[in-house]
file model-v4.pdb (PDB, C-alpha atoms)
ATOM      1  CA  PRO A 151       0.000   0.000   0.000
ATOM      2  CA  GLU A 152       1.052   3.564  -0.677
ATOM      3  CA  HIS A 153       1.075   4.604   2.996
ATOM      4  CA  ALA A 154       3.375   1.710   3.916
ATOM      5  CA  GLN A 155       5.797   2.535   1.105
ATOM      6  CA  GLY A 156       5.698   6.204   2.076
ATOM      7  CA  PHE A 157       6.727   5.417   5.645
ATOM      8  CA  GLY A 158      10.338   5.001   4.497
ATOM      9  CA  TYR A 159      10.696   8.726   3.876
ATOM     10  CA  ALA A 160       9.673   9.449   7.479
ATOM     11  CA  VAL A 161      12.475   7.256   8.778
ATOM     12  CA  TRP A 162      14.986   9.113   6.602
ATOM     13  CA  VAL A 163      13.657  12.430   7.949
ATOM     14  CA  ALA A 164      14.163  11.189  11.511
ATOM     15  CA  VAL A 165      17.723  10.134  10.682
ATOM     16  CA  ALA A 166      18.366  13.551   9.095
ATOM     17  CA  GLN A 167      17.046  15.370  12.169
ATOM     18  CA  LEU A 168      19.127  13.206  14.503
ATOM     19  CA  GLU A 169      22.287  13.776  12.483
ATOM     20  CA  ARG A 170      21.557  17.506  12.331
ATOM     21  CA  ASP A 171      21.051  17.688  16.081
ATOM     22  CA  ILE A 172      24.362  15.959  16.828
ATOM     23  CA  GLY A 173      26.131  18.211  14.347
ATOM     24  CA  ASN A 174      26.836  15.656  11.631
ATOM     25  CA  LEU A 175      25.668  17.846   8.762
ATOM     26  CA  PRO A 176      27.055  15.730   5.890
ATOM     27  CA  ALA A 177      25.063  12.748   7.141
ATOM     28  CA  ALA A 178      22.011  14.951   7.740
ATOM     29  CA  ARG A 179      22.205  16.232   4.176
ATOM     30  CA  ALA A 180      22.511  12.717   2.746
ATOM     31  CA  ALA A 181      19.558  11.472   4.777
ATOM     32  CA  ILE A 182      17.253  14.368   3.883
ATOM     33  CA  VAL A 183      18.113  14.030   0.189
ATOM     34  CA  ARG A 184      17.178  10.353   0.436
ATOM     35  CA  ALA A 185      13.936  11.267   2.215
ATOM     36  CA  VAL A 186      12.984  13.618  -0.623
ATOM     37  CA  GLU A 187      13.829  10.963  -3.222
ATOM     38  CA  VAL A 188      11.673   8.344  -1.501
ATOM     39  CA  PHE A 189       8.822  10.794  -0.933
ATOM     40  CA  GLU A 190       8.761  11.944  -4.549
ATOM     41  CA  ALA A 191       8.964   8.372  -5.878
ATOM     42  CA  VAL A 192       6.083   7.138  -3.726
ATOM     43  CA  LEU A 193       3.847  10.164  -3.194
ATOM     44  CA  GLY A 194       4.754  12.382  -6.133
ATOM     45  CA  LYS A 195       6.304  15.780  -6.733
ATOM     46  CA  ASP A 196       2.923  17.521  -6.534
ATOM     47  CA  ASN A 197       1.973  16.254  -3.090
ATOM     48  CA  PRO A 198       1.399  19.257  -0.791
ATOM     49  CA  ASP A 199       3.262  17.560   2.078
ATOM     50  CA  LEU A 200       6.454  17.767   0.019
ATOM     51  CA  GLY A 201       6.669  21.440   0.995
ATOM     52  CA  GLN A 202       7.300  20.561   4.652
ATOM     53  CA  LEU A 203      10.006  18.104   3.657
ATOM     54  CA  LEU A 204      11.702  20.697   1.455
ATOM     55  CA  TYR A 205      11.552  23.146   4.368
ATOM     56  CA  GLU A 206      13.380  20.589   6.535
ATOM     57  CA  HIS A 207      15.955  20.143   3.785
ATOM     58  CA  GLY A 208      16.392  23.905   3.509
ATOM     59  CA  ALA A 209      16.892  24.220   7.262
ATOM     60  CA  ILE A 210      19.695  21.641   7.141
ATOM     61  CA  GLU A 211      21.336  23.437   4.211
ATOM     62  CA  MET A 212      21.055  26.752   6.065
ATOM     63  CA  ARG A 213      22.687  25.264   9.151
ATOM     64  CA  ALA A 214      25.432  23.834   6.934
ATOM     65  CA  GLY A 215      26.073  27.311   5.532
ATOM     66  CA  ASP A 216      24.774  26.742   1.999
ATOM     67  CA  LEU A 217      22.417  29.694   2.008
ATOM     68  CA  GLN A 218      21.865  29.690  -1.742
ATOM     69  CA  ARG A 219      20.707  26.060  -1.710
ATOM     70  CA  ALA A 220      18.572  26.747   1.358
ATOM     71  CA  ARG A 221      16.872  29.624  -0.443
ATOM     72  CA  GLU A 222      16.169  27.429  -3.484
ATOM     73  CA  LEU A 223      14.546  24.803  -1.272
ATOM     74  CA  PHE A 224      12.527  27.364   0.686
ATOM     75  CA  ASP A 225      11.327  28.914  -2.590
ATOM     76  CA  ARG A 226      10.248  25.512  -3.898
ATOM     77  CA  ALA A 227       8.464  24.755  -0.618
ATOM     78  CA  LEU A 228       6.684  28.100  -0.771
ATOM     79  CA  SER A 229       5.642  27.484  -4.370
ATOM     80  CA  ILE A 230       4.118  24.118  -3.413
ATOM     81  CA  CYS A 231       2.282  25.746  -0.523
ATOM     82  CA  GLU A 232       0.918  28.548  -2.687
ATOM     83  CA  THR A 233      -0.125  26.137  -5.445
ATOM     84  CA  ASN A 234      -2.027  23.920  -3.047
ATOM     85  CA  TYR A 235      -3.345  26.404  -0.492
ATOM     86  CA  GLY A 236      -3.199  29.844  -2.121
ATOM     87  CA  SER A 237      -0.868  32.776  -1.557
ATOM     88  CA  ASP A 238      -2.655  33.874   1.635
ATOM     89  CA  HIS A 239      -1.948  30.631   3.493
TER
END

call {"tool": "encode", "arguments": {"input": "model-v4.pdb", "output": "structure tokens"}}
result
Amino acid sequence: PEHAQGFGYAVWVAVAQLERDIGNLPAARAAIVRAVEVFEAVLGKDNPDLGQLLYEHGAIEMRAGDLQRARELFDRALSICETNYGSDH
């Protein structure tokens, strides 16, 4: 079932958050990239929940000092939010 397959991305997000919190940013980046890949493969690139995942990815990139990449991810997350919920959300 789709929900069972989609659970894998949540585990990768948890790993990314753990690695971020202990300061292992390379591992956090790798895990969040994998989470996005799994999410998009199972739930699609148009799923509104992808915005939250991209926000998490952007936060890791910001903490790692890659502000340009963080901005790109935040912009994509915002675009998904506006597409699905409107610009006033």

call {"tool": "resolve_selection", "arguments": {"input": "model-v4.pdb", "expression": "the PyMOL selection byres ((chain A and resi 165) around 12)", "output": "PyMOL selection string"}}
result
chain A and resi 158-164+166-172+174-185

call {"tool": "residues_around", "arguments": {"input": "model-v4.pdb", "residues": "Leu228 of chain A", "least_positions_apart": "5", "cutoff": "12 Å", "atoms": "only C-alpha atoms", "output": "list in words"}}
result
Pro198, Asp199, Leu200, Gly201, Gln202, Leu203, Leu204, Tyr205, Gly208, Arg221, Glu222, Leu223, Thr233, Asn234, Tyr235, Gly236, Ser237, Asp238 and His239 of chain A

call {"tool": "atom_distance", "arguments": {"input": "model-v4.pdb", "atom1": "atom CA of Phe157 of chain A", "atom2": "atom CA of Asp196 of chain A"}}
result
17.6 Å

call {"tool": "atom_distance", "arguments": {"input": "model-v4.pdb", "atom1": "atom CA of Glu206 of chain A", "atom2": "atom CA of Ala227 of chain A"}}
result
9.6 Å

call {"tool": "closest_residue", "arguments": {"input": "model-v4.pdb", "among": "A:Ile210, A:Glu187, A:Gly173, A:Gly194", "to": "Phe224 of chain A", "atoms": "only C-alpha atoms"}}
result
A:Ile210

call {"tool": "atom_distance", "arguments": {"input": "model-v4.pdb", "atom1": "atom CA of Leu217 of chain A", "atom2": "atom CA of Leu193 of chain A"}}
result
27.4 Å

call {"tool": "axis_aligned_box", "arguments": {"input": "model-v4.pdb", "around": "segment 197-216 of chain A", "padding_each_side": "5 Å", "output": "lines of an AutoDock Vina configuration file"}}
result
center_x = 13.7
center_y = 21.8
center_z = 3.0
size_x = 34.7
size_y = 21.1
size_z = 22.2
